[in-house]
>>> print(open('upload-v2.cif').read())   # mmCIF, C-alpha atoms
data_entry
#
loop_
_atom_site.group_PDB
_atom_site.id
_atom_site.type_symbol
_atom_site.label_atom_id
_atom_site.label_comp_id
_atom_site.auth_asym_id
_atom_site.auth_seq_id
_atom_site.Cartn_x
_atom_site.Cartn_y
_atom_site.Cartn_z
ATOM 1 C CA MET A 1 85.160 106.129 137.838
ATOM 2 C CA THR A 2 87.401 104.255 135.400
ATOM 3 C CA HIS A 3 90.229 105.576 133.229
ATOM 4 C CA ASP A 4 87.936 105.214 130.248
ATOM 5 C CA ASP A 5 85.474 107.599 131.879
ATOM 6 C CA ASP A 6 88.295 110.068 132.561
ATOM 7 C CA PHE A 7 89.128 110.168 128.902
ATOM 8 C CA ALA A 8 85.652 109.999 127.433
ATOM 9 C CA ASP A 9 86.057 113.290 125.565
ATOM 10 C CA LEU A 10 89.464 112.328 124.263
ATOM 11 C CA ASP A 11 88.165 108.919 123.175
ATOM 12 C CA ARG A 12 85.343 110.635 121.341
ATOM 13 C CA MET A 13 87.825 112.913 119.588
ATOM 14 C CA LEU A 14 90.045 109.985 118.684
ATOM 15 C CA ALA A 15 87.104 108.010 117.353
ATOM 16 C CA ALA A 16 86.064 110.986 115.238
ATOM 17 C CA LEU A 17 89.583 111.633 113.969
ATOM 18 C CA PRO A 18 89.589 110.784 110.266
ATOM 19 C CA LEU A 19 92.458 108.726 108.914
ATOM 20 C CA GLU A 20 94.809 110.530 106.597
ATOM 21 C CA GLU A 21 94.384 109.628 102.946
ATOM 22 C CA PRO A 22 97.423 107.880 101.530
ATOM 23 C CA PRO A 23 98.985 109.494 98.447
ATOM 24 C CA ALA A 24 97.236 108.636 95.186
ATOM 25 C CA GLY A 25 100.096 106.651 93.709
ATOM 26 C CA LEU A 26 100.690 104.446 96.728
ATOM 27 C CA ARG A 27 98.227 101.732 95.758
ATOM 28 C CA SER A 28 99.740 101.264 92.307
ATOM 29 C CA ARG A 29 103.236 101.286 93.826
ATOM 30 C CA ILE A 30 102.233 98.485 96.169
ATOM 31 C CA LEU A 31 100.591 96.452 93.431
ATOM 32 C CA THR A 32 103.444 96.815 90.949
ATOM 33 C CA SER A 33 105.890 95.680 93.608
ATOM 34 C CA THR A 34 103.802 92.627 94.509
ATOM 35 C CA VAL A 35 101.133 90.941 92.369
ATOM 36 C CA TYR A 36 101.866 92.846 89.173
ATOM 37 C CA ARG A 37 105.612 92.761 89.486
ATOM 38 C CA PRO A 38 107.191 92.315 86.033
ATOM 39 C CA GLU A 39 108.912 88.998 85.441
ATOM 40 C CA PRO A 40 112.689 89.315 85.789
ATOM 41 C CA ALA A 41 114.600 89.007 82.507
ATOM 42 C CA VAL A 42 116.760 86.278 83.996
ATOM 43 C CA ARG A 43 116.160 84.052 86.969
ATOM 44 C CA ALA A 44 118.477 84.316 89.953
ATOM 45 C CA TRP A 45 120.174 80.964 89.274
ATOM 46 C CA GLU A 46 120.858 81.635 85.588
ATOM 47 C CA PRO A 47 123.860 84.001 85.936
ATOM 48 C CA TRP A 48 125.381 81.518 88.386
ATOM 49 C CA ALA A 49 124.895 78.600 85.983
ATOM 50 C CA VAL A 50 126.348 80.512 83.023
ATOM 51 C CA GLY A 51 129.247 81.780 85.154
ATOM 52 C CA THR A 52 130.064 78.259 86.344
ATOM 53 C CA LEU A 53 129.990 76.896 82.787
ATOM 54 C CA VAL A 54 132.223 79.676 81.503
ATOM 55 C CA ALA A 55 134.670 79.130 84.373
ATOM 56 C CA LEU A 56 134.784 75.384 83.692
ATOM 57 C CA THR A 57 135.329 75.970 79.982
ATOM 58 C CA VAL A 58 138.128 78.456 80.612
ATOM 59 C CA TRP A 59 139.753 76.034 83.054
ATOM 60 C CA LEU A 60 139.497 73.143 80.547
ATOM 61 C CA VAL A 61 140.928 75.216 77.706
ATOM 62 C CA TRP A 62 143.737 76.395 79.952
ATOM 63 C CA LEU A 63 144.516 72.763 80.946
ATOM 64 C CA LEU A 64 144.602 71.664 77.305
ATOM 65 C CA ALA A 65 146.579 74.655 76.142
ATOM 66 C CA THR A 66 149.244 74.296 78.812
ATOM 67 C CA ALA A 67 149.645 70.500 78.445
ATOM 68 C CA PRO A 68 153.001 69.391 76.941
ATOM 69 C CA ASN A 69 152.822 69.162 73.148
ATOM 70 C CA ALA A 70 149.190 70.269 73.242
ATOM 71 C CA GLY A 71 149.200 71.578 69.668
ATOM 72 C CA ALA A 72 150.827 68.493 68.216
ATOM 73 C CA ARG A 73 148.470 66.163 70.099
ATOM 74 C CA PHE A 74 145.432 68.125 68.932
ATOM 75 C CA VAL A 75 146.561 67.933 65.304
ATOM 76 C CA GLU A 76 147.284 64.225 65.740
ATOM 77 C CA LEU A 77 143.817 63.555 67.202
ATOM 78 C CA THR A 78 142.046 65.530 64.464
ATOM 79 C CA THR A 79 144.021 63.788 61.762
ATOM 80 C CA SER A 80 143.296 60.351 63.179
ATOM 81 C CA LEU A 81 139.568 61.139 63.402
ATOM 82 C CA VAL A 82 139.419 62.267 59.780
ATOM 83 C CA GLU A 83 141.884 59.853 58.201
ATOM 84 C CA ASP A 84 140.809 56.739 60.088
ATOM 85 C CA GLY A 85 137.160 57.396 59.314
ATOM 86 C CA GLY A 86 136.284 57.936 62.967
ATOM 87 C CA LEU A 87 133.756 60.635 62.112
ATOM 88 C CA THR A 88 131.913 58.408 59.666
ATOM 89 C CA SER A 89 131.762 55.295 61.815
ATOM 90 C CA LEU A 90 128.330 54.116 62.942
ATOM 91 C CA THR A 91 129.306 54.187 66.625
ATOM 92 C CA THR A 92 130.447 57.826 66.465
ATOM 93 C CA LEU A 93 127.294 58.910 64.676
ATOM 94 C CA LEU A 94 125.201 56.985 67.196
ATOM 95 C CA TRP A 95 126.851 58.831 70.088
ATOM 96 C CA PHE A 96 126.329 62.153 68.292
ATOM 97 C CA ALA A 97 122.633 61.305 67.952
ATOM 98 C CA VAL A 98 122.407 60.345 71.624
ATOM 99 C CA GLY A 99 124.112 63.593 72.613
ATOM 100 C CA LEU A 100 121.878 65.765 70.462
ATOM 101 C CA SER A 101 118.738 63.989 71.717
ATOM 102 C CA ALA A 102 119.802 64.488 75.314
ATOM 103 C CA ALA A 103 120.486 68.197 74.684
ATOM 104 C CA TRP A 104 117.075 68.633 73.039
ATOM 105 C CA TRP A 105 115.319 66.747 75.872
ATOM 106 C CA ILE A 106 117.019 68.899 78.532
ATOM 107 C CA SER A 107 116.056 72.073 76.658
ATOM 108 C CA GLN A 108 112.407 70.977 76.783
ATOM 109 C CA LEU A 109 112.392 70.473 80.576
ATOM 110 C CA SER A 110 110.427 72.974 82.646
ATOM 111 C CA PHE A 111 111.666 73.369 86.173
ATOM 112 C CA PRO A 112 109.221 74.303 88.959
ATOM 113 C CA THR A 113 109.407 78.036 89.663
ATOM 114 C CA ALA A 114 108.328 80.135 92.620
ATOM 115 C CA ARG A 115 104.601 80.654 93.144
ATOM 116 C CA ARG A 116 103.305 83.052 90.559
ATOM 117 C CA VAL A 117 100.082 84.958 90.894
ATOM 118 C CA ARG A 118 97.710 84.926 87.991
ATOM 119 C CA SER A 119 97.293 88.406 86.631
ATOM 120 C CA ARG A 120 94.027 89.504 85.235
ATOM 121 C CA MET B 1 50.792 91.786 106.418
ATOM 122 C CA SER B 2 51.618 95.375 105.644
ATOM 123 C CA ALA B 3 53.137 96.436 102.352
ATOM 124 C CA ALA B 4 56.247 97.779 104.084
ATOM 125 C CA LEU B 5 57.152 94.339 105.377
ATOM 126 C CA ALA B 6 56.872 92.865 101.887
ATOM 127 C CA VAL B 7 59.647 95.122 100.627
ATOM 128 C CA GLU B 8 62.841 93.183 100.285
ATOM 129 C CA PRO B 9 65.908 94.617 101.980
ATOM 130 C CA PRO B 10 68.552 96.000 99.643
ATOM 131 C CA VAL B 11 70.914 93.309 98.471
ATOM 132 C CA GLU B 12 74.443 93.982 99.627
ATOM 133 C CA ALA B 13 77.536 92.474 98.091
ATOM 134 C CA PRO B 14 78.834 89.723 100.357
ATOM 135 C CA VAL B 15 81.869 90.808 102.326
ATOM 136 C CA VAL B 16 84.680 88.325 101.903
ATOM 137 C CA ASP B 17 86.664 87.766 105.073
ATOM 138 C CA ASP B 18 90.419 88.267 105.151
ATOM 139 C CA GLN B 19 91.197 84.573 105.442
ATOM 140 C CA ALA B 20 89.253 83.806 102.256
ATOM 141 C CA LEU B 21 91.091 86.614 100.464
ATOM 142 C CA ILE B 22 94.450 85.279 101.623
ATOM 143 C CA SER B 23 93.546 81.779 100.430
ATOM 144 C CA ALA B 24 92.540 83.253 97.073
ATOM 145 C CA VAL B 25 95.851 85.141 96.786
ATOM 146 C CA LEU B 26 97.764 81.959 97.593
ATOM 147 C CA ALA B 27 95.766 80.214 94.871
ATOM 148 C CA GLY B 28 96.945 82.865 92.398
ATOM 149 C CA ASP B 29 94.154 85.442 92.459
ATOM 150 C CA ALA B 30 95.725 88.886 92.014
ATOM 151 C CA GLU B 31 92.436 90.695 92.490
ATOM 152 C CA ALA B 32 92.139 89.253 95.992
ATOM 153 C CA PHE B 33 95.394 90.948 96.897
ATOM 154 C CA GLU B 34 94.111 94.189 95.404
ATOM 155 C CA GLU B 35 91.169 93.917 97.801
ATOM 156 C CA ILE B 36 93.531 93.374 100.741
ATOM 157 C CA VAL B 37 95.489 96.489 99.727
ATOM 158 C CA THR B 38 92.243 98.458 99.426
ATOM 159 C CA ARG B 39 91.204 97.394 102.915
ATOM 160 C CA TYR B 40 94.448 98.032 104.740
ATOM 161 C CA GLN B 41 96.643 100.522 102.887
ATOM 162 C CA ARG B 42 95.043 103.488 104.615
ATOM 163 C CA ALA B 43 95.489 102.103 108.113
ATOM 164 C CA VAL B 44 99.025 100.881 107.442
ATOM 165 C CA TYR B 45 99.973 104.238 105.930
ATOM 166 C CA ASN B 46 98.536 106.060 108.951
ATOM 167 C CA LEU B 47 100.515 103.874 111.331
ATOM 168 C CA ALA B 48 103.682 104.561 109.333
ATOM 169 C CA VAL B 49 103.119 108.282 108.961
ATOM 170 C CA ARG B 50 102.333 108.718 112.674
ATOM 171 C CA THR B 51 105.326 106.632 113.734
ATOM 172 C CA LEU B 52 107.834 108.130 111.299
ATOM 173 C CA ARG B 53 106.349 111.649 110.993
ATOM 174 C CA ASP B 54 107.536 111.780 107.415
ATOM 175 C CA ALA B 55 105.129 111.290 104.521
ATOM 176 C CA THR B 56 107.738 110.107 102.013
ATOM 177 C CA GLU B 57 109.275 107.592 104.380
ATOM 178 C CA ALA B 58 105.805 106.449 105.412
ATOM 179 C CA GLN B 59 104.970 105.669 101.779
ATOM 180 C CA ASP B 60 108.135 103.613 101.441
ATOM 181 C CA ALA B 61 107.462 101.784 104.710
ATOM 182 C CA THR B 62 103.876 101.038 103.662
ATOM 183 C CA GLN B 63 104.988 99.672 100.307
ATOM 184 C CA GLU B 64 107.675 97.581 101.971
ATOM 185 C CA ALA B 65 105.211 96.246 104.538
ATOM 186 C CA PHE B 66 102.842 95.035 101.842
ATOM 187 C CA PHE B 67 105.741 93.590 99.875
ATOM 188 C CA LYS B 68 106.957 91.643 102.905
ATOM 189 C CA ALA B 69 103.441 90.515 103.746
ATOM 190 C CA TYR B 70 102.913 89.325 100.175
ATOM 191 C CA ARG B 71 106.180 87.390 100.169
ATOM 192 C CA ALA B 72 105.375 85.796 103.516
ATOM 193 C CA LEU B 73 101.664 85.278 102.978
ATOM 194 C CA HIS B 74 102.051 81.498 103.002
ATOM 195 C CA THR B 75 103.313 81.741 106.588
ATOM 196 C CA PHE B 76 100.235 83.647 107.784
ATOM 197 C CA ARG B 77 98.607 81.605 110.554
ATOM 198 C CA PRO B 78 94.950 80.847 109.832
ATOM 199 C CA GLY B 79 92.764 82.292 112.561
ATOM 200 C CA ALA B 80 95.113 85.202 113.244
ATOM 201 C CA LYS B 81 94.055 88.750 112.459
ATOM 202 C CA PHE B 82 95.523 90.087 109.250
ATOM 203 C CA SER B 83 95.433 93.655 110.548
ATOM 204 C CA THR B 84 97.575 92.718 113.551
ATOM 205 C CA TRP B 85 100.007 90.881 111.292
ATOM 206 C CA ILE B 86 100.489 93.679 108.778
ATOM 207 C CA PHE B 87 100.652 96.307 111.529
ATOM 208 C CA THR B 88 103.406 94.267 113.184
ATOM 209 C CA ILE B 89 105.367 94.102 109.934
ATOM 210 C CA CYS B 90 104.898 97.810 109.342
ATOM 211 C CA TYR B 91 105.807 98.757 112.910
ATOM 212 C CA ARG B 92 109.058 96.755 112.750
ATOM 213 C CA LEU B 93 109.977 98.422 109.477
ATOM 214 C CA CYS B 94 109.293 101.811 111.026
ATOM 215 C CA CYS B 95 111.475 100.923 114.023
ATOM 216 C CA ASP B 96 114.298 99.962 111.650
ATOM 217 C CA ARG B 97 113.956 103.269 109.866
ATOM 218 C CA LEU B 98 113.885 105.202 113.143
ATOM 219 C CA SER B 99 116.992 103.460 114.424
ATOM 220 C CA LYS B 100 118.789 104.198 111.129
ATOM 221 C CA ARG B 101 117.780 107.821 111.481
ATOM 222 C CA LYS B 102 119.152 107.877 115.027
ATOM 223 C CA ARG B 103 122.424 106.375 113.855
ATOM 224 C CA PHE B 104 122.886 109.103 111.284
ATOM 225 C CA SER B 105 121.664 112.065 113.268
ATOM 226 C CA GLY B 106 122.666 111.430 116.893
ATOM 227 C CA ASP B 107 120.603 110.380 119.878
ATOM 228 C CA GLU B 108 118.290 113.327 120.099
ATOM 229 C CA LEU B 109 116.237 113.629 116.988
ATOM 230 C CA PRO B 110 114.684 116.921 116.118
ATOM 231 C CA ASP B 111 111.111 116.657 114.932
ATOM 232 C CA ARG B 112 110.989 116.602 111.197
ATOM 233 C CA ALA B 113 109.274 119.453 109.495
ATOM 234 C CA ASP B 114 105.988 118.354 107.973
ATOM 235 C CA PRO B 115 106.232 119.240 104.268
ATOM 236 C CA SER B 116 102.461 119.594 104.057
ATOM 237 C CA ALA B 117 102.321 122.121 106.894
ATOM 238 C CA GLY B 118 102.258 125.303 104.872
ATOM 239 C CA PRO B 119 100.799 128.645 106.001
ATOM 240 C CA GLU B 120 97.255 127.540 105.145
ATOM 241 C CA MET B 121 97.676 124.348 107.104
ATOM 242 C CA LEU B 122 98.995 126.252 110.092
ATOM 243 C CA ALA B 123 96.028 128.607 109.938
ATOM 244 C CA GLU B 124 93.716 125.624 110.295
ATOM 245 C CA ARG B 125 95.415 124.419 113.451
ATOM 246 C CA SER B 126 92.430 125.566 115.497
ATOM 247 C CA ASP B 127 90.429 122.770 114.008
ATOM 248 C CA GLU B 128 89.920 119.951 116.516
ATOM 249 C CA ALA B 129 91.233 117.161 114.301
ATOM 250 C CA VAL B 130 94.293 119.134 113.281
ATOM 251 C CA ARG B 131 95.027 120.036 116.892
ATOM 252 C CA LEU B 132 94.631 116.408 117.929
ATOM 253 C CA ARG B 133 96.946 115.242 115.151
ATOM 254 C CA ALA B 134 99.522 117.831 116.121
ATOM 255 C CA ALA B 135 99.243 116.753 119.765
ATOM 256 C CA ILE B 136 99.727 113.098 118.796
ATOM 257 C CA ASP B 137 102.725 114.024 116.674
ATOM 258 C CA ALA B 138 104.270 115.796 119.635
ATOM 259 C CA LEU B 139 104.105 112.686 121.832
ATOM 260 C CA PRO B 140 107.220 110.570 122.419
ATOM 261 C CA GLU B 141 107.465 107.691 119.946
ATOM 262 C CA LYS B 142 106.365 104.922 122.346
ATOM 263 C CA TYR B 143 103.203 106.815 123.316
ATOM 264 C CA ARG B 144 102.526 108.022 119.795
ATOM 265 C CA THR B 145 102.481 104.493 118.399
ATOM 266 C CA VAL B 146 100.226 103.165 121.154
ATOM 267 C CA VAL B 147 97.742 105.970 120.577
ATOM 268 C CA THR B 148 97.883 105.457 116.813
ATOM 269 C CA LEU B 149 97.180 101.743 117.141
ATOM 270 C CA TYR B 150 94.447 102.497 119.662
ATOM 271 C CA HIS B 151 92.980 104.841 117.090
ATOM 272 C CA LEU B 152 93.328 102.283 114.276
ATOM 273 C CA GLN B 153 92.310 99.149 116.155
ATOM 274 C CA GLY B 154 90.042 100.445 118.888
ATOM 275 C CA LYS B 155 90.235 99.133 122.437
ATOM 276 C CA GLN B 156 91.890 95.875 121.423
ATOM 277 C CA TYR B 157 94.731 96.035 123.890
ATOM 278 C CA GLU B 158 95.910 92.478 123.216
ATOM 279 C CA GLU B 159 96.290 93.270 119.511
ATOM 280 C CA ILE B 160 98.231 96.424 120.300
ATOM 281 C CA ALA B 161 100.473 94.460 122.686
ATOM 282 C CA THR B 162 101.113 91.878 119.961
ATOM 283 C CA VAL B 163 102.050 94.508 117.374
ATOM 284 C CA LEU B 164 104.393 96.328 119.739
ATOM 285 C CA ASN B 165 105.668 93.145 121.377
ATOM 286 C CA LEU B 166 105.002 94.639 124.798
ATOM 287 C CA PRO B 167 103.258 93.254 127.895
ATOM 288 C CA LEU B 168 99.598 94.120 128.141
ATOM 289 C CA GLY B 169 100.158 96.139 131.319
ATOM 290 C CA THR B 170 102.818 98.250 129.625
ATOM 291 C CA VAL B 171 100.470 98.998 126.747
ATOM 292 C CA LYS B 172 97.765 100.142 129.153
ATOM 293 C CA THR B 173 100.246 102.290 131.073
ATOM 294 C CA HIS B 174 101.618 103.860 127.893
ATOM 295 C CA LEU B 175 98.121 104.532 126.669
ATOM 296 C CA PHE B 176 97.098 106.111 129.962
ATOM 297 C CA ARG B 177 100.137 108.388 129.976
ATOM 298 C CA ALA B 178 99.692 109.216 126.329
ATOM 299 C CA LYS B 179 96.096 110.219 126.922
ATOM 300 C CA GLU B 180 97.114 112.328 129.902
ATOM 301 C CA GLN B 181 99.668 114.168 127.778
ATOM 302 C CA LEU B 182 97.174 114.581 124.952
ATOM 303 C CA ARG B 183 94.552 116.004 127.267
ATOM 304 C CA LYS B 184 97.082 118.396 128.736
ATOM 305 C CA ALA B 185 98.240 119.480 125.280
ATOM 306 C CA LEU B 186 94.699 120.006 124.034
ATOM 307 C CA SER B 187 93.586 121.966 127.070
ATOM 308 C CA SER B 188 96.570 124.306 127.041
#
>>> encode(input="upload-v2.cif", output="structure tokens")
Amino acid sequence: MTHDDDFADLDRMLAALPLEEPPAGLRSRILTSTVYRPEPAVRAWEPWAVGTLVALTVWLVWLLATAPNAGARFVELTTSLVEDGGLTSLTTLLWFAVGLSAAWWISQLSFPTARRVRSR
Amino acid sequence: MSAALAVEPPVEAPVVDDQALISAVLAGDAEAFEEIVTRYQRAVYNLAVRTLRDATEAQDATQEAFFKAYRALHTFRPGAKFSTWIFTICYRLCCDRLSKRKRFSGDELPDRADPSAGPEMLAERSDEAVRLRAAIDALPEKYRTVVTLYHLQGKQYEEIATVLNLPLGTVKTHLFRAKEQLRKALSS
């Protein structure tokens, strides 16, 4: 006689034991946390990128502001740009155009994202 | 040829195997994952509720198991059994929850009161299924889980050993002792 024979009645009871029904809302909870999960408002890397840019800007401004004669040099640079016609020169305008084009091109880039499941 | 033989058998919807469903999910088909949830949520929930003995925690563990499985679906080995995989994930989550419980409430854990066990429920305890469930719940955790998986997966000892990460012999021993205790509890 095997162990299985010893427990034939118990095995029969176990086989006949119905599974408990999961709560009604469980299925929708699972689905909304997986395939139908709402898109996050911002991607994980975006706060980091913005934070880094802000930190760099603050650092740059602080460097400029604390440089010796910073105010006078800024006024001098602005004056020379306006008075010497730097802003209206072809070279300056060309660089502005290049800069704006590059900014527009970067804004049009689409970076590969994590696998997304098609919703119905 | 008799007329009975000419009758065409009823056409049944083809059953898609788990591997095909997983491939479909990986290709972006959300409905395929819905089908996976339909197939396994009941079994996974039962494993969690038997292991944790707490319906609310079992719901959370089930949801977390499916979430983890979904996130890691691309790592699922073709040819493996999905049920074994998701049971393993669920069992590990349950173990984490049990160890957290132990940390907060000392070594000896009192059995949690079943919120669904009201006076009516208790009155039905004579019913065979209810008595069996109560007897399973009273087993020590290691035996309870083996019996639950045996109930969910049948006599697939290798699968049970994989889920519990135990040697096959240990699984058989645990199951034997669990059944002995169950029989004793049911006959008393």
>>> resolve_selection(input="upload-v2.cif", expression="the PyMOL selection byres ((chain B and resi 153-164) around 9)", output="compact mmCIF listing (two decimals) with C-alpha atoms, keeping the file's coordinate frame")
# COMPACT_ATOMS: atom_id res chain seq x y z
CA ALA A 15 87.10 108.01 117.35
CA LYS B 81 94.06 88.75 112.46
CA SER B 83 95.43 93.66 110.55
CA THR B 84 97.58 92.72 113.55
CA TRP B 85 100.01 90.88 111.29
CA ILE B 86 100.49 93.68 108.78
CA PHE B 87 100.65 96.31 111.53
CA THR B 88 103.41 94.27 113.18
CA ILE B 89 105.37 94.10 109.93
CA TYR B 91 105.81 98.76 112.91
CA ARG B 92 109.06 96.76 112.75
CA THR B 145 102.48 104.49 118.40
CA VAL B 146 100.23 103.16 121.15
CA THR B 148 97.88 105.46 116.81
CA LEU B 149 97.18 101.74 117.14
CA TYR B 150 94.45 102.50 119.66
CA HIS B 151 92.98 104.84 117.09
CA LEU B 152 93.33 102.28 114.28
CA ASN B 165 105.67 93.14 121.38
CA LEU B 166 105.00 94.64 124.80
CA PRO B 167 103.26 93.25 127.90
CA LEU B 168 99.60 94.12 128.14
CA GLY B 169 100.16 96.14 131.32
CA THR B 170 102.82 98.25 129.62
CA VAL B 171 100.47 99.00 126.75
CA LYS B 172 97.76 100.14 129.15
>>> closest_residue(input="upload-v2.cif", among="B:Asp18, B:Glu128, B:Asp96, B:Asp137", to="chain A", atoms="all atoms listed in the file")
B:Glu128
>>> closest_residue(input="upload-v2.cif", among="B:Lys100, B:Ala80, B:Arg131, B:Cys90", to="chain A", atoms="all atoms listed in the file")
B:Arg131
>>> residues_around(input="upload-v2.cif", residues="range 7-14 of chain A", least_positions_apart="5", cutoff="12 Å", atoms="all atoms listed in the file", output="ChimeraX atom specification")
/A:1-2,19 /B:127-133,135-136,147-155,175-187
>>> residues_around(input="upload-v2.cif", residues="range 96-112 of chain A", least_positions_apart="6", cutoff="12 Å", atoms="only C-alpha atoms", output="VMD selection string")
chain A and resid 43 45 87 to 90
>>> residues_around(input="upload-v2.cif", residues="Ile30 in chain A", least_positions_apart="6", cutoff="12 Å", atoms="all atoms listed in the file", output="number ranges by chain")
A: 22-24, 36-37; B: 33-34, 36-38, 40-41, 44-45, 59-70
>>> atom_distance(input="upload-v2.cif", atom1="CA of Val25 in chain B", atom2="CA of Leu73 in chain B")
8.5 Å
>>> atom_distance(input="upload-v2.cif", atom1="CA of Thr75 in chain B", atom2="CA of Glu35 in chain B")
19.3 Å
>>> closest_residue(input="upload-v2.cif", among="A:Asp6, A:Pro47, A:Val35, A:Thr57", to="chain B", atoms="all atoms listed in the file")
A:Val35
>>> atom_distance(input="upload-v2.cif", atom1="CA of Ala32 in chain B", atom2="CA of Leu17 in chain A")
28.8 Å
